[in-house]
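Participant: What follows is model36.cif, mmCIF, C-alpha atoms and all ligand atoms.
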```
data_start
#
loop_
_atom_site.label_atom_id
_atom_site.label_comp_id
_atom_site.auth_asym_id
_atom_site.auth_seq_id
_atom_site.Cartn_x
_atom_site.Cartn_y
_atom_site.Cartn_z
CA MET A 1 -18.72 0.35 14.17
CA GLU A 2 -20.38 0.44 10.78
CA VAL A 3 -17.66 1.67 8.49
CA GLY A 4 -18.30 3.95 5.56
CA LYS A 5 -21.69 2.41 4.88
CA GLY A 6 -23.94 4.86 3.06
CA GLY A 7 -21.67 7.81 3.78
CA LYS A 8 -20.93 9.70 6.99
CA GLU A 9 -23.78 10.83 9.28
CA VAL A 10 -24.02 14.62 9.32
CA SER A 11 -26.14 16.94 11.42
CA GLY A 12 -29.89 16.44 11.20
CA GLY A 13 -29.46 12.74 10.34
CA GLU A 14 -28.64 13.56 6.70
CA LYS A 15 -25.94 11.51 5.01
CA ASP A 16 -22.90 13.20 3.50
CA VAL A 17 -22.41 11.10 0.36
CA SER A 18 -19.57 13.19 -1.08
CA GLY A 19 -16.49 10.98 -1.21
CA ASN A 20 -15.55 7.92 0.81
CA HIS A 21 -15.86 7.78 4.55
CA LEU A 22 -14.37 5.43 7.07
CA GLY A 23 -15.71 6.05 10.53
CA ASP A 24 -15.26 9.78 10.99
CA LYS A 25 -12.69 10.45 8.31
CA LYS A 26 -12.85 11.06 4.62
CA VAL A 27 -10.50 8.69 2.85
CA THR A 28 -8.82 8.35 -0.54
CA VAL A 29 -8.16 4.83 -1.75
CA VAL A 30 -6.07 3.72 -4.72
CA PHE A 31 -6.11 0.01 -5.58
CA VAL A 32 -2.76 -1.31 -6.80
CA LEU A 33 -3.14 -4.40 -8.97
CA GLY A 34 -0.86 -6.48 -11.17
CA GLY A 35 0.43 -10.02 -11.46
CA PRO A 36 2.58 -11.72 -8.84
CA GLY A 37 6.02 -10.13 -9.02
CA SER A 38 4.94 -7.21 -11.20
CA GLY A 39 6.45 -4.82 -8.63
CA LYS A 40 3.42 -3.62 -6.66
CA GLY A 41 5.17 -3.63 -3.28
CA THR A 42 8.33 -2.05 -4.68
CA GLN A 43 6.48 0.85 -6.28
CA CYS A 44 4.13 1.32 -3.32
CA ALA A 45 7.19 1.91 -1.11
CA ASN A 46 8.26 4.67 -3.53
CA ILE A 47 4.78 6.22 -3.60
CA VAL A 48 4.65 6.26 0.22
CA GLU A 49 7.98 8.09 0.34
CA HIS A 50 7.06 10.72 -2.27
CA PHE A 51 3.32 11.18 -1.96
CA GLY A 52 2.43 10.51 1.70
CA PHE A 53 0.14 7.51 1.24
CA THR A 54 -0.04 4.60 3.66
CA HIS A 55 0.67 1.26 2.00
CA LEU A 56 -1.61 -1.64 2.90
CA SER A 57 -0.65 -4.90 1.22
CA ALA A 58 -3.41 -7.49 1.56
CA GLY A 59 -0.80 -10.26 1.28
CA ASP A 60 1.34 -8.70 4.04
CA LEU A 61 -1.72 -8.32 6.31
CA LEU A 62 -2.62 -11.98 5.75
CA ARG A 63 0.96 -13.09 6.48
CA ALA A 64 0.94 -11.00 9.69
CA GLU A 65 -2.33 -12.67 10.67
CA ILE A 66 -0.68 -16.10 10.32
CA LYS A 67 2.24 -14.96 12.52
CA SER A 68 -0.10 -13.53 15.16
CA GLY A 69 -1.43 -17.03 15.88
CA SER A 70 -4.98 -16.07 14.89
CA GLU A 71 -7.65 -18.79 14.66
CA ASN A 72 -7.67 -18.24 10.88
CA GLY A 73 -3.89 -18.64 10.65
CA THR A 74 -3.77 -22.24 9.44
CA MET A 75 -6.51 -21.69 6.86
CA ILE A 76 -4.73 -18.57 5.52
CA GLN A 77 -1.38 -20.34 5.40
CA ASN A 78 -2.85 -23.24 3.42
CA MET A 79 -4.55 -20.89 0.96
CA ILE A 80 -1.34 -18.88 0.39
CA LYS A 81 0.70 -22.07 -0.17
CA GLU A 82 -1.80 -23.07 -2.84
CA GLY A 83 -1.96 -19.57 -4.35
CA LYS A 84 -5.69 -19.41 -3.59
CA ILE A 85 -7.70 -16.35 -2.60
CA VAL A 86 -8.63 -16.15 1.08
CA PRO A 87 -12.36 -15.48 1.75
CA SER A 88 -13.11 -11.77 1.44
CA GLU A 89 -14.58 -11.49 4.92
CA VAL A 90 -11.15 -12.21 6.46
CA THR A 91 -9.16 -9.85 4.21
CA ILE A 92 -11.65 -7.00 4.38
CA LYS A 93 -11.65 -7.07 8.19
CA LEU A 94 -7.85 -6.78 8.16
CA LEU A 95 -7.94 -3.89 5.69
CA GLN A 96 -10.67 -2.04 7.60
CA ARG A 97 -8.81 -2.44 10.88
CA ALA A 98 -5.56 -1.17 9.35
CA MET A 99 -7.29 1.88 7.83
CA LEU A 100 -9.07 2.70 11.09
CA GLU A 101 -5.90 2.36 13.14
CA SER A 102 -3.96 4.62 10.77
CA GLU A 103 -3.79 8.37 11.30
CA ASN A 104 -3.50 8.84 7.57
CA ASN A 105 -6.46 9.18 5.21
CA LYS A 106 -4.74 8.23 1.93
CA PHE A 107 -4.31 4.51 1.29
CA LEU A 108 -2.67 2.38 -1.36
CA ILE A 109 -4.40 -0.97 -1.19
CA ASP A 110 -1.99 -3.42 -2.81
CA GLY A 111 -3.14 -6.84 -4.09
CA PHE A 112 -6.81 -6.25 -3.43
CA PRO A 113 -9.45 -6.80 -4.83
CA ARG A 114 -8.07 -10.04 -6.19
CA ASN A 115 -11.33 -11.51 -7.48
CA GLU A 116 -14.95 -10.55 -8.06
CA GLU A 117 -15.91 -11.69 -4.56
CA ASN A 118 -13.25 -9.37 -3.04
CA ARG A 119 -14.44 -6.48 -5.16
CA ALA A 120 -18.16 -6.81 -4.54
CA ALA A 121 -17.78 -7.54 -0.81
CA PHE A 122 -15.47 -4.55 -0.23
CA GLU A 123 -17.89 -2.24 -2.00
CA GLU A 124 -20.86 -3.67 -0.09
CA VAL A 125 -19.21 -3.55 3.34
CA THR A 126 -17.34 -0.23 3.09
CA ASN A 127 -19.06 1.73 0.33
CA ILE A 128 -15.58 2.92 -0.61
CA VAL A 129 -14.93 3.55 -4.31
CA PRO A 130 -11.29 3.71 -5.42
CA GLU A 131 -10.00 7.03 -6.77
CA PHE A 132 -8.35 4.99 -9.52
CA VAL A 133 -6.71 1.62 -10.07
CA LEU A 134 -3.01 1.47 -10.75
CA PHE A 135 -2.36 -1.62 -12.87
CA PHE A 136 1.17 -2.94 -13.29
CA ASP A 137 1.38 -4.75 -16.60
CA CYS A 138 4.28 -7.19 -16.91
CA SER A 139 5.01 -10.38 -18.85
CA GLU A 140 4.77 -13.72 -17.05
CA GLU A 141 8.34 -14.54 -18.03
CA GLU A 142 9.67 -11.40 -16.30
CA MET A 143 7.47 -11.89 -13.24
CA GLU A 144 8.58 -15.51 -12.84
CA LYS A 145 12.23 -14.45 -13.00
CA ARG A 146 11.67 -11.76 -10.36
CA LEU A 147 9.79 -14.06 -7.99
CA LEU A 148 12.40 -16.81 -8.21
CA ASN A 149 15.08 -14.23 -7.32
CA ARG A 150 13.14 -12.41 -4.59
CA ASN A 151 14.75 -14.36 -1.71
CA GLN A 152 12.44 -13.09 1.01
CA GLY A 153 11.67 -16.59 2.27
CA ARG A 154 8.06 -16.51 1.06
CA GLU A 155 6.51 -19.98 1.03
CA ASP A 156 4.69 -19.17 -2.21
CA ASP A 157 7.82 -18.14 -4.16
CA ASN A 158 8.45 -21.63 -5.57
CA ILE A 159 7.78 -22.61 -9.17
CA ASP A 160 4.73 -24.81 -8.40
CA THR A 161 2.93 -22.12 -6.40
CA ILE A 162 4.04 -19.37 -8.78
CA ARG A 163 2.31 -21.21 -11.67
CA LYS A 164 -0.86 -21.54 -9.58
CA ARG A 165 -0.71 -17.83 -8.72
CA PHE A 166 -0.38 -16.89 -12.40
CA LYS A 167 -3.44 -19.02 -13.23
CA VAL A 168 -5.49 -17.39 -10.44
CA PHE A 169 -4.31 -13.97 -11.63
CA VAL A 170 -5.47 -14.56 -15.21
CA GLU A 171 -8.73 -16.30 -14.31
CA SER A 172 -9.83 -14.28 -11.25
CA SER A 173 -7.87 -11.04 -10.91
CA LEU A 174 -7.71 -9.78 -14.50
CA PRO A 175 -11.52 -9.73 -14.75
CA VAL A 176 -11.48 -7.26 -11.84
CA VAL A 177 -9.05 -5.05 -13.77
CA GLU A 178 -11.37 -5.32 -16.78
CA TYR A 179 -14.31 -4.34 -14.59
CA TYR A 180 -12.58 -1.17 -13.43
CA ASN A 181 -11.34 -0.50 -16.96
CA SER A 182 -14.95 -0.54 -18.16
CA LYS A 183 -15.65 2.11 -15.50
CA GLY A 184 -12.78 4.26 -16.77
CA LYS A 185 -10.78 3.80 -13.56
CA VAL A 186 -7.63 1.99 -14.69
CA LYS A 187 -4.24 3.62 -15.08
CA LYS A 188 -1.98 1.06 -16.72
CA ILE A 189 1.78 1.15 -16.26
CA ASP A 190 4.40 -0.78 -18.24
CA ALA A 191 5.98 -2.62 -15.30
CA GLY A 192 8.48 -4.59 -17.37
CA LYS A 193 10.96 -1.71 -17.32
CA PRO A 194 13.68 -1.10 -14.68
CA ILE A 195 12.42 0.03 -11.25
CA ASN A 196 13.39 3.71 -11.68
CA GLU A 197 11.74 3.97 -15.07
CA VAL A 198 8.54 2.40 -13.77
CA PHE A 199 8.57 4.90 -10.92
CA ASP A 200 9.00 7.80 -13.36
CA ASP A 201 5.70 6.74 -14.94
CA VAL A 202 4.06 6.23 -11.55
CA LYS A 203 5.23 9.68 -10.44
CA GLY A 204 3.63 11.14 -13.55
CA ILE A 205 0.27 9.82 -12.41
CA PHE A 206 0.49 10.81 -8.74
CA SER A 207 1.72 14.29 -9.65
CA LEU A 208 -1.43 14.97 -11.65
CA SER A 209 -4.36 16.77 -10.07
CA HIS A 210 -7.57 14.81 -9.49
CA GLU A 211 -9.12 16.36 -12.62
CA LYS A 212 -6.06 15.59 -14.73
CA ILE A 213 -6.04 11.96 -13.53
CA LEU A 214 -9.64 11.59 -14.66
CA GLU A 215 -8.82 13.19 -18.03
CA HIS A 216 -5.82 10.89 -18.40
CA ILE A 217 -7.84 7.78 -17.59
CA MET A 218 -10.68 8.77 -19.89
CA ALA A 219 -8.19 9.27 -22.73
CA GLN A 220 -7.10 5.64 -22.48
CA SER A 221 -10.23 3.98 -21.10
CA LEU A 222 -11.66 3.04 -24.46
CA LYS A 223 -8.60 0.96 -25.24
CA PRO A 224 -8.89 -2.72 -24.24
CA ILE A 225 -6.48 -3.89 -21.53
CA LYS A 226 -3.79 -6.13 -22.94
CA TRP A 227 -2.18 -8.82 -20.76
CA PRO A 228 0.23 -10.45 -21.00
CA THR A 229 1.78 -8.04 -23.46
CA GLY A 230 0.36 -8.87 -26.85
CA ALA A 231 -2.73 -10.76 -25.67
CA ASP A 232 -5.98 -8.88 -26.27
CA LEU A 233 -8.38 -10.05 -23.56
CA SER A 234 -11.30 -8.24 -25.13
CA LYS A 235 -11.27 -10.93 -27.82
CA GLY A 236 -11.91 -13.66 -25.19
N1 LIG A 301 10.88 -3.04 -12.36
C1 LIG A 301 11.56 -4.04 -11.79
N2 LIG A 301 12.62 -4.59 -12.41
C2 LIG A 301 13.32 -5.61 -11.85
N3 LIG A 301 13.02 -6.16 -10.64
C3 LIG A 301 11.96 -5.64 -9.98
C4 LIG A 301 11.18 -4.57 -10.51
N4 LIG A 301 10.20 -4.28 -9.63
C5 LIG A 301 10.36 -5.13 -8.60
N5 LIG A 301 11.41 -5.94 -8.80
C6 LIG A 301 11.86 -7.03 -7.92
O1 LIG A 301 10.98 -8.12 -8.18
C7 LIG A 301 10.63 -8.77 -6.97
C8 LIG A 301 9.10 -8.70 -6.80
O2 LIG A 301 8.74 -7.34 -6.58
P1 LIG A 301 7.54 -6.96 -5.59
O3 LIG A 301 7.70 -7.73 -4.32
O4 LIG A 301 7.49 -5.50 -5.52
O5 LIG A 301 6.33 -7.54 -6.45
P2 LIG A 301 4.79 -7.71 -6.06
O6 LIG A 301 4.00 -7.30 -7.24
O7 LIG A 301 4.51 -7.02 -4.77
O8 LIG A 301 4.70 -9.28 -5.89
P3 LIG A 301 3.67 -10.15 -5.03
O9 LIG A 301 2.35 -10.05 -5.71
O10 LIG A 301 4.24 -11.53 -5.10
O11 LIG A 301 3.66 -9.60 -3.63
C9 LIG A 301 11.40 -8.08 -5.87
O12 LIG A 301 12.58 -8.82 -5.61
C10 LIG A 301 11.75 -6.70 -6.46
O13 LIG A 301 12.94 -6.17 -5.96
N1 LIG A 302 -6.73 -10.03 -1.68
C1 LIG A 302 -5.86 -11.02 -1.42
C2 LIG A 302 -4.48 -10.83 -1.48
C3 LIG A 302 -3.65 -11.89 -1.23
N2 LIG A 302 -4.16 -13.10 -0.93
C4 LIG A 302 -3.30 -14.27 -0.66
O1 LIG A 302 -1.98 -13.87 -0.32
C5 LIG A 302 -1.06 -14.35 -1.31
C6 LIG A 302 0.10 -13.42 -1.46
O2 LIG A 302 -0.36 -12.16 -1.89
P1 LIG A 302 0.67 -11.05 -2.43
O3 LIG A 302 -0.13 -9.89 -2.88
O4 LIG A 302 1.58 -10.73 -1.30
O5 LIG A 302 1.39 -11.72 -3.56
C7 LIG A 302 -1.92 -14.58 -2.55
O6 LIG A 302 -1.35 -15.49 -3.47
C8 LIG A 302 -3.17 -15.15 -1.91
O7 LIG A 302 -3.01 -16.48 -1.52
C9 LIG A 302 -5.51 -13.28 -0.86
O8 LIG A 302 -5.99 -14.39 -0.59
N3 LIG A 302 -6.36 -12.24 -1.10
MG MG A 303 3.74 -7.72 -2.92
#
```
For this file, produce the structure as structure tokens.
Ligand SMILES: Nc1ncnc2c1ncn2[C@@H]1O[C@H](COP(=O)(O)OP(=O)(O)OP(=O)(O)O)[C@@H](O)[C@H]1O
Ligand SMILES: Nc1ccn([C@@H]2O[C@H](COP(=O)(O)O)[C@@H](O)[C@H]2O)c(=O)n1
Ligand SMILES: [Mg+2]

Facilitator:
Amino acid sequence: MEVGKGGKEVSGGEKDVSGNHLGDKKVTVVFVLGGPGSGKGTQCANIVEHFGFTHLSAGDLLRAEIKSGSENGTMIQNMIKEGKIVPSEVTIKLLQRAMLESENNKFLIDGFPRNEENRAAFEEVTNIVPEFVLFFDCSEEEMEKRLLNRNQGREDDNIDTIRKRFKVFVESSLPVVEYYNSKGKVKKIDAGKPINEVFDDVKGIFSLSHEKILEHIMAQSLKPIKWPTGADLSKG
């Protein structure tokens, strides 16, 4: 099935281009981005509970693919161990399948797009534009501490891979955040605070109406994104 491409077919062969479509349903997508250990998964679980979204973590889908014994399993496992980004084709297929299999139409896509290739390929293949991008801003020092204490048995939670993941985040993922910031789509959250306080800020965003979210984003969209705290990326 061609998913979302060019909008949903409506009667008379016309295309309905209002909003995002996936197969037959109209969908809302929020991208959740932030460095490794910034708390994306933790906050997505809270958003699911309070706001009825379905959480799709690209990393979790890739790890499930390894476990399933798929032909791509070994390649994915090697990429994750090295902190590298898996080719978009693989990740996008997993995301599309998960969205199609879900009965929900509101998705939090966590950890995707992770680089320019992810971003452009997703847009090209699905035609889906995110409602907004939730960006968890946290210092590397705090993220490193969290990852080393996570204890979930992840093969990439060791100091060597963590350093590689930070480098990939700065070099490949932050430019994607900058891209969406230039489109006025980024909602930045201070993720260095305790979990409950971060969720208070997240709640503030999800409780706003669509119009208010846009107003809120526009009010801050002219400010350059700063990461890690104190570094002004707009100055190269
Ligand atoms: N605000 C916070 N303060 C302290 N610890 C936190 C906070 N948010 C999350 N944690 C803890 O930090 C660890 C990493 O959190 P989480 O798995 O949500 O991060 P993530 O952004 O999804 O990371 P990854 O990109 O590696 O999947 C977890 O052990 C979690 O309990
Ligand atoms: N779009 C993505 C997302 C993730 N990966 C790989 O999975 C690793 C773990 O991701 P988390 O979000 O769970 O931290 C990540 O380091 C990448 O190797 C990917 O390739 N593409
Ligand atoms: Mg995660």

Participant: Which residues are near ligand LIG 302 (chain A) - at most 8 Å, using all atoms listed in the file? Format: as a list in words.

Facilitator: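 Counting only what the definition allows, namely all atoms listed in the file, the set is Pro36, Gly37, Ser57, Ala58, Gly59, Asp60, Leu62, Arg63, Ile76, Met79, Ile80, Lys81, Glu82, Gly83, Lys84, Ile85, Val86, Pro87, Ser88, Thr91, Asp110, Gly111, Phe112, Pro113, Arg114, Asn115, Asn118, Asp156 and Arg165 of chain A.
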
Participant: How would you report the residues lying within 7 Å of ligand LIG 301 (chain A), as a list in words, if you count only C-alpha atoms and all ligand atoms?

Facilitator: Gly34, Gly35, Pro36, Gly37, Ser38, Gly39, Lys40, Gly41, Thr42, Gln43, Gly59, Gly111, Arg146, Leu147, Asn149, Arg150, Ala191, Gly192, Lys193, Pro194, Ile195 and Val198 of chain A

Participant: Write out as a list in words which residues come within 12 Å of A:Ser102 when counting all atoms listed in the file, dropping same-chain ones fewer than 5 positions away.

Facilitator: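 Selected residues are Leu22, Gly23, Lys25, Val27, Phe53, Thr54, His55, Leu56, Leu95, Gln96, Arg97 and Phe107 of chain A.
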
Participant: Calculate how many Å separate atom CA of A:Asp190 from atom CA of A:Cys138, rounding to one decimal.

Facilitator: 6.5 Å

Participant: Have a look at A:Lys106, A:Arg119, A:Lys93, A:Arg154 and name the one nearest to ligand MG 303 (chain A); count all atoms listed in the file.

Facilitator: A:Arg154

Participant: In terms of the shortest atom-to-atom distance over all atoms listed in the file, which of A:Val129, A:Leu174, A:Ala219, A:Leu33 is closest to ligand MG 303 (chain A)?

Facilitator: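 Of all the options, A:Leu33 lies closest to ligand MG 303 (chain A).
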
Participant: Given the choices A:Leu208, A:Val133, A:Ile92, A:Met143, which gets closest to ligand MG 303 (chain A) if the distance is worked out from only C-alpha atoms and all ligand atoms?

Facilitator: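 Using only C-alpha atoms and all ligand atoms, ligand MG 303 (chain A) sits closest to A:Met143.
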
Participant: Taking all atoms of stretch 123-135 of chain A that appear in the file, build a box with edges along x, y and z, extend it by 3 Å on every side, and state its centre and edge lengths in Å to one decimal, as JSON.

Facilitator:
```
{"center_x": -11.6, "center_y": 1.7, "center_z": -4.8, "size_x": 24.5, "size_y": 16.7, "size_z": 22.2}
```

Participant: From the set A:Ala45, A:Ser207, A:Lys67, A:Phe122, which residue has the shortest atom-to-atom contact distance to ligand MG 303 (chain A), counting all atoms listed in the file?

Facilitator: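 Going through A:Ala45, A:Ser207, A:Lys67, A:Phe122 one by one, the smallest distance to ligand MG 303 (chain A) is for A:Ala45.
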
Participant: Could you tell me how far atom CA of A:Lys145 lies from atom CA of A:Val170, in Å and to one decimal?

Facilitator: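 Value for the atom CA of A:Lys145-atom CA of A:Val170 distance: 17.8 Å.
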
Participant: Identify, on the basis of all atoms listed in the file, every residue whose closest approach to A:Val29 does not exceed 9 Å; exclude the query and any residue fewer than 6 positions from it along the same chain; express the result as a PyMOL selection string.

Facilitator: chain A and resi 20+105-109+128-132

Participant: Output the selection as a CSV table (one decimal), in the coordinates of the input - C-alpha atoms for each residue.

Facilitator:
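Once everything was written out, this is again18.csv:
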```
chain,number,residue,atom,x,y,z
A,20,ASN,CA,-15.6,7.9,0.8
A,105,ASN,CA,-6.5,9.2,5.2
A,106,LYS,CA,-4.7,8.2,1.9
A,107,PHE,CA,-4.3,4.5,1.3
A,108,LEU,CA,-2.7,2.4,-1.4
A,109,ILE,CA,-4.4,-1.0,-1.2
A,128,ILE,CA,-15.6,2.9,-0.6
A,129,VAL,CA,-14.9,3.6,-4.3
A,130,PRO,CA,-11.3,3.7,-5.4
A,131,GLU,CA,-10.0,7.0,-6.8
A,132,PHE,CA,-8.4,5.0,-9.5
```

Participant: A:Leu214, A:Val30, A:Leu61, A:Ile47: which is nearest ligand MG 303 (chain A), counting all atoms listed in the file?

Facilitator: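 Selected residue with least distance to ligand MG 303 (chain A): A:Leu61.
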
Participant: By how many Å are atom CA of A:Lys164 and atom CA of A:Phe135 apart?

Facilitator: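 About the pair atom CA of A:Lys164 and atom CA of A:Phe135: they are 20.2 Å apart.
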
Participant: With a distance cut-off of 9 Å and only C-alpha atoms, select the neighbouring residues of A:Val186, excluding the residue or stretch itself and same-chain residues fewer than 5 positions from it, and output the selection as an NGL selection string.

Facilitator: :A and (132-135 or 177-178 or 180-181 or 217 or 220-221)

Participant: Identify which of the residues A:Glu65, A:Lys26, A:Asp201, A:Val32 lies closest to ligand MG 303 (chain A), counting all atoms listed in the file when measuring atom-to-atom distances.

Facilitator: A:Val32

Participant: Could you add N, CA and C atoms to stretch 192-219 of chain A and give me the result as a short mmCIF file (atom, residue, chain, number, x, y, z; two decimals), in the coordinates of the input?

Facilitator:
```cif
data_model
loop_
_atom_site.label_atom_id
_atom_site.label_comp_id
_atom_site.auth_asym_id
_atom_site.auth_seq_id
_atom_site.Cartn_x
_atom_site.Cartn_y
_atom_site.Cartn_z
N GLY A 192 7.38 -3.73 -16.95
CA GLY A 192 8.48 -4.59 -17.37
C GLY A 192 9.81 -3.85 -17.45
N LYS A 193 9.75 -2.54 -17.21
CA LYS A 193 10.96 -1.71 -17.32
C LYS A 193 11.72 -1.72 -15.99
N PRO A 194 12.95 -1.18 -15.96
CA PRO A 194 13.68 -1.10 -14.68
C PRO A 194 12.91 -0.28 -13.63
N ILE A 195 13.17 -0.56 -12.36
CA ILE A 195 12.42 0.03 -11.25
C ILE A 195 12.30 1.56 -11.36
N ASN A 196 13.41 2.23 -11.63
CA ASN A 196 13.39 3.71 -11.68
C ASN A 196 12.52 4.23 -12.81
N GLU A 197 12.56 3.52 -13.93
CA GLU A 197 11.74 3.97 -15.07
C GLU A 197 10.26 3.75 -14.80
N VAL A 198 9.95 2.63 -14.14
CA VAL A 198 8.54 2.40 -13.77
C VAL A 198 8.10 3.51 -12.82
N PHE A 199 8.97 3.86 -11.88
CA PHE A 199 8.57 4.90 -10.92
C PHE A 199 8.41 6.26 -11.60
N ASP A 200 9.20 6.53 -12.63
CA ASP A 200 9.00 7.80 -13.36
C ASP A 200 7.56 7.87 -13.89
N ASP A 201 7.08 6.75 -14.42
CA ASP A 201 5.70 6.74 -14.94
C ASP A 201 4.68 6.86 -13.81
N VAL A 202 4.96 6.18 -12.70
CA VAL A 202 4.06 6.23 -11.55
C VAL A 202 3.98 7.67 -11.02
N LYS A 203 5.17 8.29 -10.92
CA LYS A 203 5.23 9.68 -10.44
C LYS A 203 4.36 10.58 -11.30
N GLY A 204 4.43 10.34 -12.60
CA GLY A 204 3.63 11.14 -13.55
C GLY A 204 2.16 11.10 -13.17
N ILE A 205 1.70 9.96 -12.75
CA ILE A 205 0.27 9.82 -12.41
C ILE A 205 -0.04 10.50 -11.08
N PHE A 206 0.78 10.24 -10.06
CA PHE A 206 0.49 10.81 -8.74
C PHE A 206 0.74 12.32 -8.68
N SER A 207 1.49 12.85 -9.65
CA SER A 207 1.72 14.29 -9.65
C SER A 207 0.57 15.05 -10.29
N LEU A 208 -0.30 14.30 -10.99
CA LEU A 208 -1.43 14.97 -11.65
C LEU A 208 -2.50 15.35 -10.63
N SER A 209 -3.24 16.41 -10.91
CA SER A 209 -4.36 16.77 -10.07
C SER A 209 -5.47 15.74 -10.29
N HIS A 210 -6.43 15.72 -9.39
CA HIS A 210 -7.57 14.81 -9.49
C HIS A 210 -8.23 14.91 -10.88
N GLU A 211 -8.45 16.15 -11.33
CA GLU A 211 -9.12 16.36 -12.62
C GLU A 211 -8.28 15.81 -13.77
N LYS A 212 -6.95 16.05 -13.65
CA LYS A 212 -6.06 15.59 -14.73
C LYS A 212 -6.01 14.07 -14.76
N ILE A 213 -6.06 13.43 -13.57
CA ILE A 213 -6.04 11.96 -13.53
C ILE A 213 -7.27 11.44 -14.28
N LEU A 214 -8.41 12.04 -13.99
CA LEU A 214 -9.64 11.59 -14.66
C LEU A 214 -9.53 11.77 -16.17
N GLU A 215 -8.99 12.94 -16.58
CA GLU A 215 -8.82 13.19 -18.03
C GLU A 215 -7.92 12.14 -18.66
N HIS A 216 -6.82 11.84 -17.94
CA HIS A 216 -5.82 10.89 -18.40
C HIS A 216 -6.44 9.51 -18.57
N ILE A 217 -7.21 9.10 -17.56
CA ILE A 217 -7.84 7.78 -17.59
C ILE A 217 -8.85 7.72 -18.73
N MET A 218 -9.65 8.78 -18.86
CA MET A 218 -10.68 8.77 -19.89
C MET A 218 -10.03 8.66 -21.28
N ALA A 219 -8.86 9.29 -21.43
CA ALA A 219 -8.19 9.27 -22.73
C ALA A 219 -7.78 7.85 -23.12
#
```
